[in-house]
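K.L.:
Below you'll find the structure I mean.
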2 protein chains.
Amino acid sequence: MKVLIVEDQERLGAFLEQGLKECAYTVGWARTCASARDALAETTYDVILLDLGLPDGDGIELLKQWRASGFNEPVLILSARDSVADRIKGLDVGADDYLPKPFSFEELLARVRSLVRRQSAVKNTVLEHRGIRVDLLSHTVQVDGKPIDLTSREYALLEIFMQNPGRILTRTLISEKIWSSHFDVDTNLLDVYMSRLRAKLEKGGDEKPLFKTVRGVGYQLL
Amino acid sequence: MKVLIVEDQERLGAFLEQGLKECAYTVGWARTCASARDALAETTYDVILLDLGLPDGDGIELLKQWRASGFNEPVLILSARDSVADRIKGLDVGADDYLPKPFSFEELLARVRSLVRRQSAVKNTVLEHRGIRVDLLSHTVQVDGKPIDLTSREYALLEIFMQNPGRILTRTLISEKIWSSHFDVDTNLLDVYMSRLRAKLEKGGDEKPLFKTVRGVGYQLL
DNA sequence: TCGCATCCTGAAGCAATCCTGACGCCTCCC
DNA sequence: GGGAGGCGTCAGGATTGCTTCAGGATGCGA
């Protein structure tokens, strides 16, 4: 799950970045309108946190342009301006939510979750498949009821598969989601992590393996 | 006192809303599973009234997911299904009470009051977990009956964990609660206090440690 | 069946993160 | 004014996860 922070204040930005990373979001951070545009041109994000007072232009204008050009990811406006008029204006030009500063991080998290959920309609908080349980909120994993320790990379990888059981996921697709856009192709990092996941998830028996390797293409969660 | 009604029948919902409002409850009303999830993500409620037959999913499933993700507000199931099996199923997945339709509003009120009382009774006095006793009123702590001296920071930290045993709490979330909001990210204050807490609370033996550190994320009270 | 491309996986270096003892500053209290 | 205790900072060492690498295994086309 990827979040783009558009915020020029160093402190607040760092705080948000850190906090969201801890919750296993992939985080991008743009400090200006210009770099926000660049960031969105490069990859897609699931949610955008948009501060209004930016050094090189107004966030409202930016949002208006985005919406005009058919861009429809959910946008959550963070702003010190909290008059009703500002709120209405923000929502009018296409923001999905409006959070006045100062806010508690907990509340921000709740709203981000709500936006993500709304976007992907019936997305569950718990994914279950072949005895594997992934709790998207607490980021915990169980296999046949037994809790399994995964590192954050391993978890991210597993989540992608659990969101798409049965589907063949290409290496590029996976790598892009886990290691952000410009991923070095000449590495076997993905292989290594697949190996670790299998080691941690697959039970001893000679059952059907969990992951199928599709040569030259990617992997598939069976 | 806040109550969330999850009910798709317009008539009954309106009736409940009206009745509860008259009794000075703050009332939220969700007509679908999806909006119930949103509502809970946004704020906390003191009691949830949950109807089972919802247009976009089963209430039982919803409740199961909530409980799985560590959500523990009291839930009162309202249902036309009243076989003993249904009752057991509901209570099994974590409902606190079960009220078969049709019911008198009088009775509903009584049960809501009872749930609120039960919860706040538990909430306001003492938290206990793995031999640790935290008295929220006097701010005193005991481990296996022996009183432990904690400084106020240490106590605040412990209280947060005791309010959420088993849940992974991110560093940002904790820091935000203990220190001001928008906490400085580049400090190891939290680490230091975790270290102090462990030193004071964990007993010599080689038992399961009390706190688990989740690298890059936060800590968890086991 | 051979040879090549691809994949698997253990080992090891590296970097980030975490732990913890030491210390200085501050406030409160005597 | 002096002492005690709490708070926050710092730094070195320990730990853990991330990444790279290399050698072997496996699959696939010729």
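By order of appearance in the structure tokens: chains A, B, ..., then residues from 1 within every chain, and ligands from 1 in the order shown.
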Given identical sequences, what C-alpha RMSD separates chain B from chain A after least-squares superposition over all Cα in order?
P.N.:
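That gives an RMSD of 10.6 Å.
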K.L.:
Could you list, with a cut-off of 10 Å and counting only C-alpha atoms (C1' of nucleotides), the residues of chain A near chain D, each shown with its nearest atom pair and the distance in Å rounded to one decimal, rows sorted by chain and ascending number, as a tab-separated table?
P.N.:
```
residue	atom	partner	partner_atom	distance
A:Thr151	CA	D:DG17	C1'	7.4
A:Ser152	CA	D:DG17	C1'	9.0
A:Arg153	CA	D:DC18	C1'	9.0
A:Thr187	CA	D:DT20	C1'	8.3
A:Asn188	CA	D:DT20	C1'	8.8
A:Leu189	CA	D:DT19	C1'	7.2
A:Val192	CA	D:DT19	C1'	9.6
A:Arg215	CA	D:DG27	C1'	8.0
```
K.L.:
Within 6 Å of B:Val3, counting only C-alpha atoms (C1' of nucleotides), which residues show up once you throw out same-chain ones fewer than 5 positions away? Write them as a list in words, please.
P.N.:
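So the residues in contact are Val27, Tyr45, Asp46, Val47 and Ile48 of chain B.
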K.L.:
Put those residues in a file: C-alpha atoms, as a compact mmCIF listing (two decimals), in the first residue's frame.
P.N.:
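The result, stored in again17.txt:
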```
# COMPACT_ATOMS: atom_id res chain seq x y z
CA VAL B 27 -25.90 7.67 18.25
CA TYR B 45 -18.01 3.71 20.51
CA ASP B 46 -18.99 2.48 23.93
CA VAL B 47 -21.48 -0.07 22.68
CA ILE B 48 -22.31 -1.53 19.30
```
K.L.:
Can you tell me how far atom CA of A:Asp58 sits from atom CA of A:Arg11, in Å to one decimal?
P.N.:
19.9 Å
K.L.:
Could you give me, as a list in words, the residues within 12 Å of B:Asp184, counting only C-alpha atoms (C1' of nucleotides) and dropping anything in the same chain fewer than 3 positions from it?
P.N.:
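That gives Glu10, Arg11, Leu12, Gly13, Ala14, Phe15, Leu16, Gln18 and Gly19 of chain A; Arg171, Thr172, Ser175, Glu176, Trp179, Ser180, Ser181, Thr187, Asn188, Leu189 and Leu190 of chain B.
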